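K.L.:
Next comes the structure file start-v1.txt, holding compact mmCIF, C-alpha atoms.
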# COMPACT_ATOMS: atom_id res chain seq x y z
CA MET A 1 27.02 16.07 -17.03
CA ALA A 2 25.68 12.61 -16.24
CA ILE A 3 22.52 13.05 -18.33
CA CYS A 4 24.56 14.48 -21.22
CA LYS A 5 26.79 11.40 -21.15
CA VAL A 6 23.90 8.91 -20.88
CA PHE A 7 21.88 10.70 -23.57
CA TYR A 8 24.84 10.70 -25.96
CA ASN A 9 25.50 7.00 -25.37
CA TYR A 10 21.80 6.14 -25.86
CA CYS A 11 21.70 8.00 -29.18
CA LYS A 12 24.93 6.37 -30.30
CA GLU A 13 23.70 2.86 -29.43
CA ASN A 14 20.38 3.47 -31.19
CA LYS A 15 21.94 5.08 -34.30
CA ILE A 16 20.33 8.46 -33.66
CA ASP A 17 22.40 11.16 -35.36
CA LEU A 18 23.08 14.34 -33.39
CA HIS A 19 24.11 17.60 -35.05
CA LYS A 20 27.40 19.25 -34.07
CA GLY A 21 26.03 22.44 -32.49
CA ASN A 22 27.18 23.56 -29.05
CA PHE A 23 25.02 24.55 -26.08
CA THR A 24 25.17 25.93 -22.56
CA LEU A 25 23.11 24.17 -19.90
CA SER A 26 22.09 25.76 -16.60
CA TYR A 27 19.27 25.20 -14.12
CA ASP A 28 17.25 26.62 -11.26
CA THR A 29 14.65 24.87 -9.12
CA ASN A 30 11.82 25.72 -6.72
CA VAL A 31 11.47 22.14 -5.41
CA PRO A 32 12.25 22.08 -1.65
CA ARG A 33 15.40 20.07 -0.95
CA GLN A 34 15.29 16.56 0.51
CA THR A 35 11.52 16.46 0.94
CA GLY A 36 10.85 13.28 -1.04
CA LEU A 37 9.63 15.45 -3.94
CA SER A 38 12.19 14.20 -6.49
CA GLY A 39 13.98 17.51 -6.86
CA SER A 40 17.18 16.04 -8.26
CA SER A 41 15.48 13.86 -10.89
CA ALA A 42 13.30 16.85 -11.85
CA ILE A 43 16.48 18.69 -12.86
CA VAL A 44 17.71 15.67 -14.83
CA CYS A 45 14.31 15.29 -16.55
CA ALA A 46 14.29 18.98 -17.50
CA ALA A 47 17.81 18.64 -18.91
CA LEU A 48 16.77 15.61 -20.98
CA ASN A 49 13.86 17.59 -22.41
CA CYS A 50 16.28 20.36 -23.37
CA LEU A 51 18.54 17.85 -25.12
CA LEU A 52 15.62 16.28 -27.00
CA ASP A 53 14.52 19.67 -28.27
CA PHE A 54 18.00 21.09 -28.97
CA TYR A 55 18.93 18.09 -31.11
CA LYS A 56 15.37 17.79 -32.52
CA VAL A 57 15.17 14.07 -31.70
CA ARG A 58 12.05 14.04 -29.50
CA HIS A 59 10.29 11.87 -32.11
CA LEU A 60 13.15 9.35 -32.06
CA VAL A 61 13.43 8.67 -28.32
CA ARG A 62 10.44 6.68 -27.07
CA VAL A 63 8.62 8.37 -24.23
CA GLU A 64 8.45 5.18 -22.14
CA VAL A 65 12.25 4.72 -22.14
CA ARG A 66 12.98 8.29 -21.06
CA PRO A 67 12.51 7.51 -17.34
CA ASN A 68 15.15 4.76 -17.74
CA ILE A 69 17.55 7.26 -19.29
CA ILE A 70 17.02 9.65 -16.37
CA LEU A 71 17.47 6.87 -13.83
CA LYS A 72 20.66 5.69 -15.53
CA ALA A 73 22.10 9.19 -15.30
CA GLU A 74 21.38 9.25 -11.56
CA GLU A 75 22.87 5.79 -11.12
CA GLU A 76 26.07 7.21 -12.62
CA LEU A 77 26.21 9.41 -9.53
CA GLY A 78 25.48 6.59 -7.08
CA ILE A 79 21.88 7.66 -6.41
CA VAL A 80 19.65 4.76 -5.31
CA ALA A 81 16.15 5.16 -6.74
CA GLY A 82 13.36 3.62 -8.82
CA LEU A 83 11.44 4.51 -11.95
CA GLN A 84 8.22 5.86 -10.43
CA ASP A 85 9.24 9.49 -9.88
CA ARG A 86 10.90 9.68 -13.28
CA VAL A 87 7.79 8.32 -15.01
CA ALA A 88 5.64 10.95 -13.27
CA GLN A 89 8.04 13.70 -14.37
CA VAL A 90 8.36 12.52 -17.98
CA TYR A 91 4.62 12.09 -18.49
CA GLY A 92 3.32 14.80 -16.18
CA GLY A 93 -0.27 14.90 -14.95
CA LEU A 94 -1.67 11.71 -13.42
CA VAL A 95 -0.17 8.38 -14.50
CA TYR A 96 -1.04 4.77 -13.64
CA MET A 97 2.11 2.63 -13.69
CA ASP A 98 2.16 -1.15 -14.11
CA PHE A 99 5.59 -2.55 -13.21
CA SER A 100 4.63 -6.22 -13.61
CA LYS A 101 7.67 -8.50 -13.81
CA GLU A 102 6.46 -9.67 -17.22
CA HIS A 103 6.62 -6.13 -18.62
CA MET A 104 9.91 -5.29 -16.95
CA ASP A 105 11.60 -8.47 -18.19
CA LYS A 106 10.25 -8.16 -21.72
CA LEU A 107 10.38 -4.39 -22.28
CA GLY A 108 12.80 -3.10 -19.67
CA HIS A 109 10.14 -0.69 -18.42
CA GLY A 110 6.55 -0.66 -17.17
CA ILE A 111 3.27 0.10 -18.93
CA TYR A 112 2.32 3.71 -18.28
CA THR A 113 -1.26 4.95 -18.71
CA PRO A 114 -2.05 8.68 -18.45
CA MET A 115 -5.28 9.48 -16.58
CA ASP A 116 -7.52 12.54 -16.40
CA ILE A 117 -6.19 14.84 -13.65
CA ASN A 118 -9.73 16.05 -12.97
CA LEU A 119 -10.51 12.64 -11.46
CA LEU A 120 -8.29 13.42 -8.47
CA PRO A 121 -9.94 14.81 -5.33
CA PRO A 122 -8.40 17.92 -3.70
CA LEU A 123 -5.08 17.04 -2.04
CA HIS A 124 -2.64 18.91 0.19
CA LEU A 125 1.11 18.72 0.62
CA ILE A 126 2.80 18.96 4.01
CA TYR A 127 6.55 19.25 4.32
CA ALA A 128 9.17 20.17 6.88
CA GLU A 129 11.58 22.98 6.18
CA ASN A 130 14.40 21.03 7.81
CA PRO A 131 13.74 17.52 6.43
CA SER A 132 15.54 14.19 6.63
CA ASP A 133 17.78 12.77 3.91
CA SER A 134 15.35 10.83 1.70
CA GLY A 135 18.19 8.90 0.01
CA LYS A 136 19.17 6.98 3.14
CA VAL A 137 15.70 5.64 3.93
CA HIS A 138 15.82 3.09 1.09
CA SER A 139 19.00 1.30 2.15
CA THR A 140 18.08 -1.65 4.40
CA VAL A 141 14.77 -2.48 2.71
CA ARG A 142 16.41 -2.71 -0.70
CA GLN A 143 18.98 -5.17 0.62
CA ARG A 144 16.34 -7.21 2.43
CA TRP A 145 14.36 -7.41 -0.84
CA LEU A 146 17.48 -8.66 -2.66
CA ASP A 147 18.04 -11.18 0.16
CA GLY A 148 14.52 -12.58 -0.32
CA ASP A 149 13.04 -11.30 2.97
CA LYS A 150 9.47 -12.69 2.99
CA LEU A 151 7.94 -9.71 4.87
CA ILE A 152 9.42 -7.23 2.42
CA ILE A 153 8.38 -9.21 -0.66
CA LYS A 154 4.83 -9.67 0.67
CA SER A 155 4.51 -6.02 1.68
CA MET A 156 5.89 -4.74 -1.63
CA SER A 157 3.40 -6.92 -3.47
CA GLU A 158 0.58 -5.45 -1.42
CA VAL A 159 1.83 -1.91 -2.10
CA ALA A 160 1.66 -2.69 -5.83
CA ASP A 161 -1.91 -3.99 -5.41
CA LEU A 162 -2.85 -0.72 -3.69
CA ALA A 163 -1.98 1.14 -6.90
CA LEU A 164 -4.41 -0.97 -8.89
CA GLU A 165 -7.11 -0.54 -6.26
CA GLY A 166 -6.35 3.17 -6.15
CA ARG A 167 -6.82 3.50 -9.90
CA THR A 168 -10.23 1.83 -9.61
CA ALA A 169 -11.21 4.06 -6.67
CA ILE A 170 -10.21 7.18 -8.62
CA LEU A 171 -12.12 6.11 -11.74
CA GLU A 172 -15.20 5.29 -9.66
CA LYS A 173 -14.77 8.43 -7.53
CA ASP A 174 -14.86 6.27 -4.40
CA HIS A 175 -13.11 8.82 -2.20
CA SER A 176 -13.62 6.90 1.03
CA LYS A 177 -11.83 3.89 -0.45
CA PHE A 178 -9.12 6.17 -1.83
CA ALA A 179 -8.50 7.57 1.67
CA ASP A 180 -8.28 4.07 3.16
CA LEU A 181 -5.73 3.05 0.51
CA MET A 182 -3.56 6.09 1.24
CA ASN A 183 -3.47 5.19 4.92
CA ARG A 184 -2.75 1.55 4.16
CA ASN A 185 0.15 2.57 1.94
CA PHE A 186 1.83 4.37 4.81
CA ASP A 187 1.08 1.59 7.30
CA LEU A 188 2.81 -0.91 5.02
CA ARG A 189 5.84 1.36 4.63
CA ARG A 190 6.02 1.78 8.40
CA SER A 191 5.93 -1.98 8.96
CA MET A 192 8.81 -2.47 6.50
CA PHE A 193 11.09 0.39 7.51
CA GLY A 194 10.34 0.77 11.23
CA ASP A 195 9.94 4.00 13.17
CA ASP A 196 13.67 4.55 13.79
CA CYS A 197 14.38 4.47 10.07
CA LEU A 198 11.45 6.71 9.12
CA GLY A 199 12.33 9.29 11.76
CA ALA A 200 10.23 11.21 14.29
CA LEU A 201 9.74 14.25 12.06
CA ASN A 202 8.31 12.21 9.18
CA LEU A 203 6.03 10.28 11.51
CA GLU A 204 4.74 13.50 13.07
CA MET A 205 3.75 14.90 9.64
CA VAL A 206 1.63 11.82 9.01
CA GLU A 207 0.14 11.92 12.51
CA VAL A 208 -0.72 15.64 12.25
CA ALA A 209 -3.00 14.77 9.34
CA ARG A 210 -4.42 11.66 10.94
CA ARG A 211 -5.27 13.48 14.15
CA VAL A 212 -7.76 15.63 12.24
CA GLY A 213 -9.18 12.56 10.49
CA ALA A 214 -7.40 13.06 7.16
CA ALA A 215 -5.67 10.34 5.13
CA SER A 216 -1.93 10.71 4.63
CA LYS A 217 1.11 9.00 3.13
CA PHE A 218 4.65 9.91 2.11
CA THR A 219 5.15 11.60 -1.24
CA GLY A 220 8.39 9.64 -1.59
CA SER A 221 10.80 8.36 1.03
CA GLY A 222 10.33 11.01 3.66
CA GLY A 223 10.39 14.75 4.13
CA ALA A 224 6.85 15.38 2.88
CA VAL A 225 3.40 13.81 2.96
CA VAL A 226 0.37 14.09 0.71
CA VAL A 227 -2.96 14.48 2.51
CA PHE A 228 -6.58 13.94 1.54
CA CYS A 229 -9.24 15.66 3.64
CA LEU A 230 -12.33 13.59 2.97
CA ASN A 231 -14.49 15.98 4.98
CA ALA A 232 -13.25 19.24 3.44
CA PRO A 233 -13.38 22.23 3.86
CA SER A 234 -13.80 22.18 7.66
CA GLN A 235 -11.16 19.45 7.91
CA VAL A 236 -8.75 21.50 5.79
CA LYS A 237 -8.97 24.39 8.27
CA LEU A 238 -8.22 22.03 11.16
CA LEU A 239 -5.26 20.65 9.21
CA GLU A 240 -3.90 24.12 8.42
CA ASP A 241 -4.10 25.10 12.10
CA ALA A 242 -2.42 21.86 13.19
CA CYS A 243 0.41 22.31 10.66
CA GLN A 244 1.00 25.89 11.74
CA LYS A 245 1.19 24.79 15.38
CA ALA A 246 3.61 21.95 14.50
CA GLY A 247 5.79 24.18 12.33
CA PHE A 248 5.07 22.42 9.03
CA VAL A 249 4.43 24.02 5.65
CA ILE A 250 1.11 23.13 4.00
CA GLU A 251 0.17 23.81 0.37
CA PRO A 252 -2.79 22.76 -1.81
CA VAL A 253 -1.65 20.33 -4.50
CA LYS A 254 -1.92 21.66 -8.04
CA VAL A 255 -1.67 18.84 -10.59
CA VAL A 256 -0.74 20.21 -14.00
CA PRO A 257 -1.68 18.40 -17.23
CA SER A 258 0.87 16.42 -19.19
CA CYS A 259 3.32 18.57 -21.16
CA LEU A 260 3.86 15.84 -23.77
CA ASN A 261 2.74 16.54 -27.32
CA ASP A 262 1.55 14.37 -30.20
CA ASP A 263 5.12 13.68 -31.34
CA ASP A 264 5.92 12.24 -27.92
CA PHE A 265 2.95 9.89 -27.85
CA LYS A 266 3.62 8.73 -31.42
CA THR A 267 6.86 7.20 -30.12
CA GLN A 268 5.03 4.81 -27.79
CA LEU A 269 4.91 1.09 -28.52
CA LYS A 270 1.46 -0.01 -29.55
Using the file provided, produce a representation of the structure as C-alpha cells.
P.N.:
Amino acid sequence: MAICKVFYNYCKENKIDLHKGNFTLSYDTNVPRQTGLSGSSAIVCAALNCLLDFYKVRHLVRVEVRPNIILKAEEELGIVAGLQDRVAQVYGGLVYMDFSKEHMDKLGHGIYTPMDINLLPPLHLIYAENPSDSGKVHSTVRQRWLDGDKLIIKSMSEVADLALEGRTAILEKDHSKFADLMNRNFDLRRSMFGDDCLGALNLEMVEVARRVGAASKFTGSGGAVVVFCLNAPSQVKLLEDACQKAGFVIEPVKVVPSCLNDDDFKTQLK
C-alpha cells in the first residue's frame, strides 16, 4: 500500500498520466527474514516494477530515482534505512555507488555505475536461521552521526573510501586487496557499533569465516555475512565444515545480471 501511494504521488507531481485500469497485487518471497538481506525492500522494489509495467511508464520514471521512491515508501512505515540496498535491487548485478555530498545535494541521489558481474571472485553467504533484528542495529549510530560524533563521521568516511578502493581492486583483480578491504569494512563497523550492539550471533558468523582464514563482512546490518575464500577450494571445505558445526547455513553466492532493459537506461541523466 505504501509503494502504491508513493508511486501515485510521484507520477502526479511529475505529470505522468496513469490509465484507469484496476489491478490485484500479491507477493511471495524466498529471502530469509531479518538476515540483513533486504527482504522487505525487495518486495517493495518488485511491486514498483509491477506498477511501472502495468501502467507502461517505465520509460518515464528515471532509473536512478527509483531507489528513492522505494525508500520513501519504507519511510512511510517508519523503517530506518539507506539507499544502498534499494540501488542494488533496482539495478541488479554489480553496482558501484558514489554517494558524494555534491551529488546528493545537487541530484537527490548518488551516481550509480553498473559493473561486469564476472569481475567478482567466488563468494559465499552465511546466515543464521534464528537471526537478530537488523532494523535495531542502526539506531544509536545514526543519532551519533546527526550529533556530529567525530569517530562516527571519520569511520563512515573511511567506509566510503573502502568502496572506491574495492572497485579498483575488483577491476584489477587484486583479490588479496579485496579480502583485506572486506575485513576492514567489518572492523570499522565493529568499532562504531560495539560488540553488545552487533550481538554474539553476528560476531560468531564473522569469526567462523576468519578462523579458517577467509575474509568476511556483514551483508547489511546483521543476520548474515558474505565471505571470500582467497585460498579456495580447500578453504571452502573448511568453511562448510565450520558452519555445519556452528549451526549456520552456507550458500555459494550467485550474482545475476541486471534485469534492466534499454528503455530503463535511456531514462538516466547523461
K.L.:
If you take only C-alpha atoms and a cut-off of 10 Å, which residues of stretch 28-47 of chain A touch stretch 217-238 of chain A, and what are their nearest atom pairs and distances in Å to one decimal, in chain and number order, as a tab-separated table?
P.N.:
residue	atom	partner	partner_atom	distance
A:Pro32	CA	A:Gly223	CA	9.5
A:Arg33	CA	A:Gly223	CA	8.9
A:Gln34	CA	A:Gly223	CA	6.4
A:Thr35	CA	A:Gly223	CA	3.8
A:Gly36	CA	A:Gly220	CA	4.4
A:Leu37	CA	A:Gly220	CA	6.4
A:Ser38	CA	A:Gly220	CA	7.7
K.L.:
To one decimal in Å, tell me the separation between atom CA of A:Glu207 and atom CA of A:Lys173.
P.N.:
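Those two atoms sit 25.2 Å apart.
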K.L.:
Pull the neighbourhood of (8.6, 14.4, 10.9) for me: all residues within 10 Å in file coordinates, counting all atoms listed in the file, as a PyMOL selection string.
P.N.:
chain A and resi 127-128+130-132+198-208+222-225+246+248
K.L.:
What is the atom CA of A:Glu240-atom CA of A:Pro122 distance in Å, reported with one decimal?
P.N.:
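Between atom CA of A:Glu240 and atom CA of A:Pro122 the gap works out to 14.3 Å.
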K.L.:
How far is it from atom CA of A:Asp195 to atom CA of A:Asp149, in Å with one decimal?
P.N.:
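For atom CA of A:Asp195 relative to atom CA of A:Asp149, the distance reads 18.6 Å.
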K.L.:
Nearest residue to A:Cys45 out of A:Leu119, A:Ala88, A:Val57, A:Leu77, using all atoms listed in the file?
P.N.:
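Using all atoms listed in the file, the shortest distance to A:Cys45 belongs to A:Ala88.
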K.L.:
Which residue out of A:His19, A:Met156, A:Gly213, A:Glu64 has the minimum interatomic distance to A:Ser191 when all atoms listed in the file are used?
P.N.:
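Checking each candidate against A:Ser191, we get A:Met156 as the closest.
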K.L.:
From the options A:Thr140, A:Gly247, A:Asp263, A:Gly93, which residue's atoms come nearest to A:Leu52, counting all atoms listed in the file?
P.N.:
A:Asp263
K.L.:
Please identify all polymer residues within 8 Å of A:Ala73, counting all atoms listed in the file, omitting same-chain residues fewer than 4 positions from it, and present them as a count of residues only.
P.N.:
7
K.L.:
Where atoms are absent from stretch 142-153 of chain A, fill them in so it carries all heavy atoms, then output it as a tab-separated table (two decimals), in the frame of the given file.
P.N.:
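As written to disk, part.tsv reads:
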chain	number	residue	atom	x	y	z
A	142	ARG	N	15.94	-2.25	0.61
A	142	ARG	CA	16.41	-2.71	-0.70
A	142	ARG	C	17.24	-3.99	-0.56
A	142	ARG	O	17.05	-4.94	-1.30
A	142	ARG	CB	17.23	-1.60	-1.37
A	142	ARG	CG	17.74	-1.97	-2.77
A	142	ARG	CD	18.61	-0.84	-3.33
A	142	ARG	NE	19.10	-1.15	-4.65
A	142	ARG	CZ	18.47	-0.86	-5.78
A	142	ARG	NH1	17.30	-0.25	-5.73
A	142	ARG	NH2	19.00	-1.16	-6.94
A	143	GLN	N	18.14	-3.99	0.41
A	143	GLN	CA	18.98	-5.17	0.62
A	143	GLN	C	18.17	-6.37	1.08
A	143	GLN	O	18.39	-7.50	0.66
A	143	GLN	CB	20.09	-4.86	1.63
A	143	GLN	CG	21.16	-5.95	1.72
A	143	GLN	CD	21.81	-6.26	0.38
A	143	GLN	OE1	22.28	-5.34	-0.30
A	143	GLN	NE2	21.83	-7.52	-0.02
A	144	ARG	N	17.20	-6.12	1.95
A	144	ARG	CA	16.34	-7.21	2.43
A	144	ARG	C	15.52	-7.79	1.28
A	144	ARG	O	15.29	-9.00	1.22
A	144	ARG	CB	15.42	-6.69	3.55
A	144	ARG	CG	16.15	-6.47	4.87
A	144	ARG	CD	15.35	-5.62	5.82
A	144	ARG	NE	14.11	-6.25	6.25
A	144	ARG	CZ	13.14	-5.61	6.91
A	144	ARG	NH1	13.27	-4.33	7.20
A	144	ARG	NH2	12.05	-6.27	7.26
A	145	TRP	N	15.07	-6.93	0.35
A	145	TRP	CA	14.36	-7.41	-0.84
A	145	TRP	C	15.29	-8.32	-1.65
A	145	TRP	O	14.89	-9.41	-2.07
A	145	TRP	CB	13.91	-6.22	-1.68
A	145	TRP	CG	13.47	-6.57	-3.07
A	145	TRP	CD1	14.26	-6.66	-4.17
A	145	TRP	CD2	12.15	-6.94	-3.50
A	145	TRP	NE1	13.52	-7.03	-5.27
A	145	TRP	CE2	12.23	-7.21	-4.89
A	145	TRP	CE3	10.93	-7.03	-2.85
A	145	TRP	CZ2	11.11	-7.58	-5.63
A	145	TRP	CZ3	9.81	-7.39	-3.60
A	145	TRP	CH2	9.90	-7.67	-4.96
A	146	LEU	N	16.51	-7.88	-1.87
A	146	LEU	CA	17.48	-8.66	-2.66
A	146	LEU	C	17.82	-9.98	-1.97
A	146	LEU	O	18.12	-10.98	-2.62
A	146	LEU	CB	18.76	-7.85	-2.89
A	146	LEU	CG	18.59	-6.61	-3.78
A	146	LEU	CD1	19.88	-5.77	-3.76
A	146	LEU	CD2	18.22	-7.00	-5.20
A	147	ASP	N	17.74	-9.97	-0.62
A	147	ASP	CA	18.04	-11.18	0.16
A	147	ASP	C	16.85	-12.13	0.25
A	147	ASP	O	16.93	-13.20	0.85
A	147	ASP	CB	18.49	-10.80	1.58
A	147	ASP	CG	19.85	-10.11	1.59
A	147	ASP	OD1	20.58	-10.22	0.58
A	147	ASP	OD2	20.16	-9.45	2.61
A	148	GLY	N	15.70	-11.72	-0.32
A	148	GLY	CA	14.52	-12.58	-0.32
A	148	GLY	C	13.71	-12.55	0.96
A	148	GLY	O	12.98	-13.50	1.27
A	149	ASP	N	13.80	-11.45	1.73
A	149	ASP	CA	13.04	-11.30	2.97
A	149	ASP	C	11.54	-11.42	2.66
A	149	ASP	O	10.98	-10.65	1.89
A	149	ASP	CB	13.36	-9.93	3.57
A	149	ASP	CG	12.72	-9.72	4.93
A	149	ASP	OD1	11.48	-9.87	5.04
A	149	ASP	OD2	13.44	-9.38	5.88
A	150	LYS	N	10.87	-12.39	3.30
A	150	LYS	CA	9.47	-12.69	2.99
A	150	LYS	C	8.53	-11.53	3.34
A	150	LYS	O	7.58	-11.25	2.60
A	150	LYS	CB	9.03	-13.95	3.72
A	150	LYS	CG	9.68	-15.22	3.17
A	150	LYS	CD	9.19	-16.46	3.89
A	150	LYS	CE	9.83	-17.72	3.33
A	150	LYS	NZ	9.40	-18.93	4.05
A	151	LEU	N	8.78	-10.84	4.48
A	151	LEU	CA	7.94	-9.71	4.87
A	151	LEU	C	8.02	-8.60	3.84
A	151	LEU	O	6.99	-8.03	3.45
A	151	LEU	CB	8.37	-9.17	6.24
A	151	LEU	CG	7.71	-7.85	6.66
A	151	LEU	CD1	6.21	-8.03	6.86
A	151	LEU	CD2	8.36	-7.27	7.91
A	152	ILE	N	9.24	-8.31	3.39
A	152	ILE	CA	9.42	-7.23	2.42
A	152	ILE	C	8.76	-7.58	1.09
A	152	ILE	O	8.06	-6.75	0.49
A	152	ILE	CB	10.92	-6.94	2.21
A	152	ILE	CG1	11.58	-6.50	3.52
A	152	ILE	CG2	11.12	-5.88	1.13
A	152	ILE	CD1	10.97	-5.27	4.15
A	153	ILE	N	8.96	-8.79	0.63
A	153	ILE	CA	8.38	-9.21	-0.66
A	153	ILE	C	6.86	-9.18	-0.61
A	153	ILE	O	6.19	-8.68	-1.52
A	153	ILE	CB	8.90	-10.61	-1.05
A	153	ILE	CG1	10.39	-10.53	-1.41
A	153	ILE	CG2	8.11	-11.18	-2.23
A	153	ILE	CD1	11.05	-11.87	-1.63
